[in-house]
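Novice: Handing over start.txt, compact mmCIF, N, CA and C atoms.
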```txt
# COMPACT_ATOMS: atom_id res chain seq x y z
N MET M 243 202.18 223.37 -172.36
CA MET M 243 202.45 223.44 -173.79
C MET M 243 202.88 224.88 -174.12
N PRO M 244 203.98 225.02 -174.83
CA PRO M 244 204.41 226.37 -175.23
C PRO M 244 203.37 227.02 -176.14
N LEU M 245 203.26 228.34 -176.07
CA LEU M 245 202.27 229.07 -176.84
C LEU M 245 202.43 228.85 -178.34
N ARG M 246 203.68 228.75 -178.81
CA ARG M 246 203.89 228.54 -180.25
C ARG M 246 203.30 227.21 -180.72
N ASN M 247 203.27 226.21 -179.82
CA ASN M 247 202.66 224.92 -180.18
C ASN M 247 201.15 225.05 -180.35
N LEU M 248 200.54 225.96 -179.61
CA LEU M 248 199.11 226.18 -179.74
C LEU M 248 198.78 226.58 -181.17
N PHE M 249 199.52 227.52 -181.72
CA PHE M 249 199.28 227.97 -183.09
C PHE M 249 199.62 226.89 -184.11
N LYS M 250 200.71 226.18 -183.86
CA LYS M 250 201.12 225.11 -184.76
C LYS M 250 200.07 224.00 -184.78
N ASN M 251 199.63 223.57 -183.59
CA ASN M 251 198.65 222.49 -183.50
C ASN M 251 197.30 222.90 -184.08
N CYS M 252 196.85 224.10 -183.75
CA CYS M 252 195.57 224.55 -184.28
C CYS M 252 195.62 224.65 -185.80
N SER M 253 196.72 225.17 -186.34
CA SER M 253 196.86 225.26 -187.80
C SER M 253 196.81 223.88 -188.43
N TYR M 254 197.51 222.93 -187.82
CA TYR M 254 197.55 221.56 -188.32
C TYR M 254 196.16 220.95 -188.35
N TYR M 255 195.44 221.03 -187.23
CA TYR M 255 194.11 220.44 -187.15
C TYR M 255 193.11 221.14 -188.05
N TRP M 256 193.15 222.46 -188.11
CA TRP M 256 192.22 223.20 -188.97
C TRP M 256 192.50 222.92 -190.44
N ALA M 257 193.77 222.80 -190.81
CA ALA M 257 194.10 222.51 -192.21
C ALA M 257 193.57 221.13 -192.61
N PHE M 258 193.76 220.15 -191.75
CA PHE M 258 193.25 218.81 -192.07
C PHE M 258 191.73 218.80 -192.08
N ALA M 259 191.11 219.53 -191.16
CA ALA M 259 189.64 219.61 -191.15
C ALA M 259 189.13 220.20 -192.46
N GLY M 260 189.80 221.25 -192.94
CA GLY M 260 189.42 221.86 -194.22
C GLY M 260 189.63 220.90 -195.38
N TYR M 261 190.73 220.15 -195.34
CA TYR M 261 191.04 219.19 -196.39
C TYR M 261 189.98 218.09 -196.45
N VAL M 262 189.61 217.56 -195.29
CA VAL M 262 188.57 216.53 -195.23
C VAL M 262 187.23 217.11 -195.67
N ALA M 263 186.90 218.31 -195.18
CA ALA M 263 185.62 218.95 -195.53
C ALA M 263 185.51 219.18 -197.03
N TYR M 264 186.62 219.57 -197.65
CA TYR M 264 186.61 219.77 -199.11
C TYR M 264 186.19 218.49 -199.82
N HIS M 265 186.81 217.38 -199.44
CA HIS M 265 186.53 216.10 -200.11
C HIS M 265 185.12 215.60 -199.81
N VAL M 266 184.70 215.68 -198.55
CA VAL M 266 183.39 215.16 -198.17
C VAL M 266 182.26 215.99 -198.79
N ASN M 267 182.50 217.27 -199.03
CA ASN M 267 181.47 218.14 -199.60
C ASN M 267 181.61 218.34 -201.11
N HIS M 268 182.56 217.66 -201.70
CA HIS M 268 182.77 217.78 -203.15
C HIS M 268 181.58 217.15 -203.88
N PRO M 269 181.14 217.74 -205.00
CA PRO M 269 179.99 217.19 -205.74
C PRO M 269 180.18 215.75 -206.22
N LEU M 270 181.42 215.32 -206.41
CA LEU M 270 181.66 213.96 -206.88
C LEU M 270 181.87 212.95 -205.73
N PHE M 271 181.75 213.42 -204.51
CA PHE M 271 181.92 212.53 -203.36
C PHE M 271 180.82 211.47 -203.36
N THR M 272 181.22 210.23 -203.18
CA THR M 272 180.27 209.12 -203.10
C THR M 272 180.18 208.70 -201.64
N GLU M 273 179.00 208.75 -201.11
CA GLU M 273 178.88 208.43 -199.69
C GLU M 273 179.08 206.93 -199.47
N PRO M 274 179.69 206.58 -198.33
CA PRO M 274 179.96 205.17 -198.05
C PRO M 274 178.67 204.40 -197.76
N SER M 275 178.76 203.10 -197.84
CA SER M 275 177.60 202.25 -197.56
C SER M 275 177.24 202.36 -196.08
N PRO M 276 175.97 202.15 -195.76
CA PRO M 276 175.58 202.19 -194.34
C PRO M 276 176.38 201.21 -193.47
N ALA M 277 176.70 200.04 -194.01
CA ALA M 277 177.47 199.06 -193.24
C ALA M 277 178.84 199.63 -192.86
N LEU M 278 179.47 200.32 -193.81
CA LEU M 278 180.78 200.92 -193.53
C LEU M 278 180.66 202.05 -192.51
N VAL M 279 179.61 202.83 -192.63
CA VAL M 279 179.38 203.92 -191.66
C VAL M 279 179.18 203.35 -190.27
N TYR M 280 178.36 202.31 -190.13
CA TYR M 280 178.12 201.72 -188.82
C TYR M 280 179.36 201.04 -188.25
N ALA M 281 180.13 200.39 -189.11
CA ALA M 281 181.39 199.77 -188.66
C ALA M 281 182.35 200.86 -188.17
N GLY M 282 182.43 201.94 -188.92
CA GLY M 282 183.28 203.06 -188.52
C GLY M 282 182.80 203.70 -187.23
N LEU M 283 181.49 203.84 -187.09
CA LEU M 283 180.93 204.43 -185.88
C LEU M 283 181.22 203.56 -184.67
N ALA M 284 181.05 202.26 -184.81
CA ALA M 284 181.34 201.34 -183.70
C ALA M 284 182.81 201.41 -183.32
N THR M 285 183.70 201.42 -184.32
CA THR M 285 185.13 201.53 -184.06
C THR M 285 185.44 202.83 -183.34
N PHE M 286 184.84 203.92 -183.81
CA PHE M 286 185.07 205.23 -183.23
C PHE M 286 184.60 205.28 -181.77
N VAL M 287 183.39 204.82 -181.51
CA VAL M 287 182.82 204.89 -180.15
C VAL M 287 183.62 204.04 -179.17
N VAL M 288 183.93 202.80 -179.55
CA VAL M 288 184.71 201.93 -178.66
C VAL M 288 186.09 202.54 -178.40
N SER M 289 186.70 203.10 -179.43
CA SER M 289 188.03 203.70 -179.28
C SER M 289 187.99 204.93 -178.38
N GLU M 290 186.97 205.75 -178.52
CA GLU M 290 186.85 206.94 -177.66
C GLU M 290 186.61 206.53 -176.20
N LEU M 291 185.78 205.51 -175.99
CA LEU M 291 185.56 205.01 -174.63
C LEU M 291 186.86 204.43 -174.06
N GLY M 292 187.60 203.72 -174.90
CA GLY M 292 188.89 203.17 -174.46
C GLY M 292 189.86 204.27 -174.11
N ASN M 293 189.93 205.30 -174.93
CA ASN M 293 190.83 206.43 -174.67
C ASN M 293 190.46 207.09 -173.34
N PHE M 294 189.16 207.30 -173.11
CA PHE M 294 188.70 207.88 -171.86
C PHE M 294 189.10 207.00 -170.68
N SER M 295 188.92 205.68 -170.81
CA SER M 295 189.27 204.74 -169.74
C SER M 295 190.75 204.80 -169.41
N ILE M 296 191.58 204.90 -170.43
CA ILE M 296 193.03 204.98 -170.22
C ILE M 296 193.39 206.27 -169.49
N HIS M 297 192.78 207.37 -169.89
CA HIS M 297 193.08 208.65 -169.23
C HIS M 297 192.66 208.63 -167.76
N ILE M 298 191.53 208.00 -167.46
CA ILE M 298 191.11 207.87 -166.05
C ILE M 298 192.11 207.02 -165.28
N LEU M 299 192.53 205.90 -165.86
CA LEU M 299 193.51 205.04 -165.20
C LEU M 299 194.81 205.80 -164.95
N LEU M 300 195.29 206.53 -165.95
CA LEU M 300 196.53 207.29 -165.79
C LEU M 300 196.39 208.37 -164.73
N ARG M 301 195.22 209.02 -164.68
CA ARG M 301 194.98 210.05 -163.66
C ARG M 301 195.04 209.45 -162.26
N ASN M 302 194.50 208.24 -162.10
CA ASN M 302 194.45 207.60 -160.79
C ASN M 302 195.74 206.86 -160.42
N LEU M 303 196.69 206.82 -161.33
CA LEU M 303 197.92 206.05 -161.10
C LEU M 303 198.76 206.68 -159.99
N ARG M 304 198.76 208.00 -159.92
CA ARG M 304 199.57 208.70 -158.93
C ARG M 304 198.65 209.35 -157.90
N PRO M 305 198.86 209.02 -156.61
CA PRO M 305 198.03 209.64 -155.58
C PRO M 305 198.21 211.17 -155.57
N ALA M 306 197.15 211.88 -155.20
CA ALA M 306 197.20 213.35 -155.16
C ALA M 306 198.33 213.83 -154.25
N GLY M 307 199.07 214.81 -154.72
CA GLY M 307 200.16 215.38 -153.94
C GLY M 307 201.43 214.56 -153.94
N SER M 308 201.45 213.47 -154.70
CA SER M 308 202.61 212.58 -154.74
C SER M 308 203.34 212.74 -156.07
N ASN M 309 204.62 212.44 -156.06
CA ASN M 309 205.36 212.40 -157.33
C ASN M 309 205.89 211.00 -157.61
N VAL M 310 205.26 210.01 -156.98
CA VAL M 310 205.62 208.60 -157.18
C VAL M 310 205.18 208.18 -158.59
N ARG M 311 206.09 207.53 -159.30
CA ARG M 311 205.76 207.03 -160.63
C ARG M 311 205.64 205.51 -160.57
N LYS M 312 204.62 204.98 -161.24
CA LYS M 312 204.38 203.55 -161.26
C LYS M 312 204.25 203.07 -162.70
N ILE M 313 204.44 201.78 -162.88
CA ILE M 313 204.20 201.17 -164.19
C ILE M 313 202.70 201.06 -164.38
N PRO M 314 202.15 201.60 -165.46
CA PRO M 314 200.71 201.47 -165.70
C PRO M 314 200.34 200.02 -165.98
N VAL M 315 199.31 199.55 -165.29
CA VAL M 315 198.79 198.20 -165.49
C VAL M 315 197.27 198.29 -165.61
N PRO M 316 196.65 197.33 -166.28
CA PRO M 316 195.19 197.37 -166.43
C PRO M 316 194.48 197.29 -165.08
N ASP M 317 193.28 197.88 -165.04
CA ASP M 317 192.44 197.74 -163.85
C ASP M 317 191.24 196.87 -164.23
N ALA M 318 190.15 196.96 -163.49
CA ALA M 318 188.98 196.11 -163.74
C ALA M 318 188.25 196.46 -165.04
N ASN M 319 188.45 197.65 -165.54
CA ASN M 319 187.80 198.08 -166.79
C ASN M 319 188.41 197.30 -167.96
N PRO M 320 187.60 196.55 -168.72
CA PRO M 320 188.16 195.75 -169.82
C PRO M 320 188.86 196.58 -170.89
N LEU M 321 188.49 197.85 -171.03
CA LEU M 321 189.12 198.67 -172.06
C LEU M 321 190.55 199.08 -171.69
N THR M 322 190.96 198.83 -170.45
CA THR M 322 192.34 199.14 -170.05
C THR M 322 193.27 197.94 -170.27
N GLN M 323 192.72 196.81 -170.71
CA GLN M 323 193.54 195.62 -170.93
C GLN M 323 194.62 195.83 -171.99
N LEU M 324 194.46 196.86 -172.78
CA LEU M 324 195.46 197.17 -173.81
C LEU M 324 196.83 197.45 -173.18
N PHE M 325 196.85 197.83 -171.89
CA PHE M 325 198.12 198.03 -171.20
C PHE M 325 198.94 196.74 -171.13
N ASN M 326 198.31 195.59 -171.31
CA ASN M 326 199.06 194.33 -171.35
C ASN M 326 199.90 194.20 -172.61
N PHE M 327 199.61 195.02 -173.61
CA PHE M 327 200.26 194.88 -174.91
C PHE M 327 201.06 196.10 -175.35
N VAL M 328 200.65 197.30 -174.92
CA VAL M 328 201.33 198.52 -175.36
C VAL M 328 201.56 199.47 -174.19
N SER M 329 202.55 200.31 -174.34
CA SER M 329 202.87 201.31 -173.32
C SER M 329 201.94 202.51 -173.38
N CYS M 330 201.45 202.83 -174.55
CA CYS M 330 200.63 204.04 -174.74
C CYS M 330 199.29 203.70 -175.39
N PRO M 331 198.41 203.00 -174.65
CA PRO M 331 197.14 202.63 -175.26
C PRO M 331 196.25 203.83 -175.59
N ASN M 332 196.49 204.97 -174.94
CA ASN M 332 195.71 206.16 -175.30
C ASN M 332 195.98 206.55 -176.75
N TYR M 333 197.22 206.42 -177.20
CA TYR M 333 197.55 206.71 -178.59
C TYR M 333 197.00 205.62 -179.52
N THR M 334 197.01 204.38 -179.05
CA THR M 334 196.44 203.29 -179.84
C THR M 334 194.96 203.54 -180.07
N TYR M 335 194.25 203.88 -179.00
CA TYR M 335 192.82 204.17 -179.13
C TYR M 335 192.57 205.39 -180.00
N GLU M 336 193.42 206.41 -179.90
CA GLU M 336 193.22 207.59 -180.76
C GLU M 336 193.42 207.22 -182.23
N PHE M 337 194.43 206.41 -182.50
CA PHE M 337 194.66 205.95 -183.86
C PHE M 337 193.42 205.24 -184.40
N PHE M 338 192.85 204.33 -183.60
CA PHE M 338 191.68 203.59 -184.06
C PHE M 338 190.43 204.47 -184.13
N SER M 339 190.35 205.52 -183.33
CA SER M 339 189.26 206.49 -183.48
C SER M 339 189.31 207.11 -184.87
N TRP M 340 190.52 207.46 -185.30
CA TRP M 340 190.66 208.06 -186.63
C TRP M 340 190.43 207.04 -187.74
N VAL M 341 190.76 205.79 -187.48
CA VAL M 341 190.44 204.75 -188.45
C VAL M 341 188.91 204.65 -188.59
N GLY M 342 188.20 204.68 -187.47
CA GLY M 342 186.74 204.66 -187.51
C GLY M 342 186.18 205.85 -188.26
N TYR M 343 186.74 207.02 -188.01
CA TYR M 343 186.30 208.24 -188.72
C TYR M 343 186.56 208.10 -190.22
N THR M 344 187.70 207.53 -190.56
CA THR M 344 188.03 207.31 -191.97
C THR M 344 187.03 206.37 -192.62
N LEU M 345 186.63 205.32 -191.92
CA LEU M 345 185.62 204.41 -192.46
C LEU M 345 184.29 205.13 -192.64
N MET M 346 183.90 205.95 -191.66
CA MET M 346 182.61 206.65 -191.75
C MET M 346 182.57 207.64 -192.90
N THR M 347 183.70 208.26 -193.20
CA THR M 347 183.71 209.27 -194.27
C THR M 347 184.17 208.71 -195.60
N SER M 348 184.84 207.56 -195.59
CA SER M 348 185.45 206.99 -196.80
C SER M 348 186.25 208.05 -197.54
N CYS M 349 187.06 208.74 -196.79
CA CYS M 349 187.78 209.90 -197.32
C CYS M 349 189.29 209.69 -197.13
N ILE M 350 190.04 209.72 -198.21
CA ILE M 350 191.49 209.51 -198.15
C ILE M 350 192.18 210.51 -197.23
N PRO M 351 191.84 211.81 -197.26
CA PRO M 351 192.50 212.74 -196.33
C PRO M 351 192.29 212.36 -194.86
N ALA M 352 191.14 211.82 -194.51
CA ALA M 352 190.93 211.37 -193.13
C ALA M 352 191.88 210.22 -192.81
N GLY M 353 192.08 209.33 -193.78
CA GLY M 353 193.03 208.23 -193.60
C GLY M 353 194.45 208.73 -193.44
N LEU M 354 194.80 209.78 -194.18
CA LEU M 354 196.13 210.37 -194.04
C LEU M 354 196.31 210.93 -192.63
N PHE M 355 195.26 211.54 -192.11
CA PHE M 355 195.32 212.07 -190.75
C PHE M 355 195.50 210.94 -189.75
N ALA M 356 194.82 209.82 -189.97
CA ALA M 356 194.95 208.67 -189.07
C ALA M 356 196.37 208.13 -189.09
N ALA M 357 197.03 208.23 -190.21
CA ALA M 357 198.36 207.65 -190.37
C ALA M 357 199.49 208.60 -189.95
N ARG M 358 199.14 209.76 -189.42
CA ARG M 358 200.19 210.71 -189.05
C ARG M 358 201.15 210.10 -188.04
N ARG M 359 202.38 210.56 -188.08
CA ARG M 359 203.45 209.93 -187.33
C ARG M 359 203.65 210.46 -185.92
N HIS M 360 203.20 211.66 -185.61
CA HIS M 360 203.64 212.26 -184.35
C HIS M 360 203.24 211.46 -183.11
N MET M 361 202.09 210.80 -183.13
CA MET M 361 201.73 209.97 -181.97
C MET M 361 202.65 208.77 -181.83
N THR M 362 203.08 208.23 -182.95
CA THR M 362 204.01 207.11 -182.92
C THR M 362 205.35 207.54 -182.32
N VAL M 363 205.82 208.71 -182.72
CA VAL M 363 207.08 209.23 -182.19
C VAL M 363 206.96 209.44 -180.68
N TRP M 364 205.83 210.05 -180.24
CA TRP M 364 205.62 210.25 -178.81
C TRP M 364 205.57 208.92 -178.07
N ALA M 365 204.85 207.94 -178.63
CA ALA M 365 204.72 206.63 -177.99
C ALA M 365 206.07 205.93 -177.88
N LEU M 366 206.86 205.99 -178.94
CA LEU M 366 208.19 205.36 -178.90
C LEU M 366 209.06 206.01 -177.83
N GLY M 367 208.98 207.32 -177.70
CA GLY M 367 209.76 208.03 -176.68
C GLY M 367 209.31 207.65 -175.28
N LYS M 368 208.00 207.60 -175.06
CA LYS M 368 207.48 207.25 -173.74
C LYS M 368 207.83 205.79 -173.41
N HIS M 369 207.72 204.92 -174.41
CA HIS M 369 208.06 203.50 -174.22
C HIS M 369 209.53 203.35 -173.83
N ARG M 370 210.39 204.06 -174.52
CA ARG M 370 211.83 204.03 -174.23
C ARG M 370 212.08 204.54 -172.80
N ASN M 371 211.41 205.61 -172.40
CA ASN M 371 211.59 206.16 -171.05
C ASN M 371 211.08 205.20 -169.97
N TYR M 372 209.95 204.54 -170.22
CA TYR M 372 209.44 203.55 -169.27
C TYR M 372 210.47 202.43 -169.07
N LYS M 373 211.03 201.93 -170.16
CA LYS M 373 211.99 200.82 -170.07
C LYS M 373 213.26 201.25 -169.34
N LYS M 374 213.65 202.51 -169.53
CA LYS M 374 214.84 203.03 -168.86
C LYS M 374 214.58 203.25 -167.37
N GLU M 375 213.40 203.77 -167.03
CA GLU M 375 213.08 204.12 -165.65
C GLU M 375 212.75 202.91 -164.78
N PHE M 376 212.04 201.93 -165.35
CA PHE M 376 211.58 200.78 -164.59
C PHE M 376 212.31 199.52 -165.07
N LYS M 377 213.17 199.00 -164.22
CA LYS M 377 213.94 197.80 -164.60
C LYS M 377 213.05 196.58 -164.79
N ASP M 378 211.89 196.56 -164.12
CA ASP M 378 210.98 195.42 -164.23
C ASP M 378 209.83 195.71 -165.22
N TYR M 379 210.06 196.62 -166.16
CA TYR M 379 209.02 196.96 -167.13
C TYR M 379 208.75 195.75 -168.02
N PRO M 380 207.48 195.46 -168.30
CA PRO M 380 207.14 194.26 -169.10
C PRO M 380 207.87 194.25 -170.45
N LYS M 381 208.58 193.18 -170.70
CA LYS M 381 209.40 193.07 -171.92
C LYS M 381 208.56 192.88 -173.18
N ASN M 382 207.36 192.31 -173.04
CA ASN M 382 206.55 192.00 -174.22
C ASN M 382 205.72 193.18 -174.72
N ARG M 383 205.71 194.30 -174.00
CA ARG M 383 204.92 195.46 -174.44
C ARG M 383 205.59 196.16 -175.61
N LYS M 384 204.76 196.57 -176.55
CA LYS M 384 205.21 197.41 -177.65
C LYS M 384 204.84 198.85 -177.31
N ALA M 385 205.17 199.79 -178.16
CA ALA M 385 204.91 201.20 -177.88
C ALA M 385 203.46 201.59 -178.14
N ILE M 386 202.95 201.29 -179.34
CA ILE M 386 201.63 201.81 -179.73
C ILE M 386 200.72 200.78 -180.39
N LEU M 387 201.28 199.89 -181.20
CA LEU M 387 200.46 198.87 -181.87
C LEU M 387 200.83 197.49 -181.34
N PRO M 388 199.87 196.78 -180.75
CA PRO M 388 200.17 195.47 -180.17
C PRO M 388 200.88 194.54 -181.16
N PHE M 389 201.93 193.89 -180.67
CA PHE M 389 202.71 192.89 -181.42
C PHE M 389 203.49 193.47 -182.60
N VAL M 390 203.37 194.76 -182.90
CA VAL M 390 203.99 195.33 -184.10
C VAL M 390 205.00 196.41 -183.77
N LEU M 391 204.54 197.48 -183.16
CA LEU M 391 205.40 198.67 -182.97
C LEU M 391 205.22 199.24 -181.59
```
The structure given in the file should be rewritten as structure tokens.
Specialist:
Amino acid sequence: MPLRNLFKNCSYYWAFAGYVAYHVNHPLFTEPSPALVYAGLATFVVSELGNFSIHILLRNLRPAGSNVRKIPVPDANPLTQLFNFVSCPNYTYEFFSWVGYTLMTSCIPAGLFAARRHMTVWALGKHRNYKKEFKDYPKNRKAILPFVL
């Protein structure tokens, strides 16, 4: 990652963190119901575990010292089954992690952060590259959201 991206990314994340913190700590903030908090927590935890599972699968996709590229496919871990539907399930899981966080905080700025576009742009680019590189790439896969995008 170029050094300038470090400052850009840190500024972006810190600004959103401050924006969310302002709303969550505002005197008029109404805390969400326990049911919403638990639903958000469950969504967040499952999504983080899914993201971790995808990263492990991607790490193991290429043997050490090799530059062989393969089409990612699910392994025995049920959380990797998202590869049957999307090219970038790590981004899908990250999106749903932020949806869970948004539910837990009931905060519009957190929802805005969940809806940010840059992961979608990255996923579309990676999806396009996979289709170009692998002639037998699964035709039914979407980029980031199953059956949609």
Novice: I'd like the contact shell of region 266-274 of chain M - 7 Å cut-off, only N, CA and C atoms, skipping same-chain residues fewer than 4 positions apart - returned as a PyMOL selection string.
Specialist: chain M and resi 261-262+278-279+345-349
Novice: Would you mind reading off the distance between atom C of Ser339 (chain M) and CA of Ala385 (chain M), one decimal, in Å?
Specialist: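 Taking atom C of Ser339 (chain M) as the start and CA of Ala385 (chain M) as the end point, the length is 18.1 Å.
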Novice: For Pro331 (chain M), which residue among M:Asn247, M:Ser253, M:Asn293, M:Thr362 is the nearest when counting all atoms listed in the file?
Specialist: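 Between M:Asn247, M:Ser253, M:Asn293, M:Thr362, the residue approaching Pro331 (chain M) most closely is M:Asn293.
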Novice: Measure the distance from atom C of Phe338 (chain M) to atom C of Arg301 (chain M) in Å and round it to one decimal.
Specialist: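 Atom-to-atom, atom C of Phe338 (chain M) and atom C of Arg301 (chain M) are spaced 22.9 Å apart.
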Novice: Which one of M:Val341, M:Tyr280, M:His369, M:Arg246 sits closest to Ala356 (chain M) if you count all atoms listed in the file?
Specialist: M:Val341
Novice: List every residue of chain M that DSSP, applied to the backbone, labels as alpha helix (DSSP H), and write the result as a PyMOL selection string.
Specialist: chain M and resi 245-266+276-303+331-347+350-356+360-375
Novice: Could you tell me how far atom N of Phe376 (chain M) sits from atom N of Phe337 (chain M), in Å to one decimal place?
Specialist: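 We find that atom N of Phe337 (chain M) and atom N of Phe376 (chain M) lie 25.0 Å from each other.
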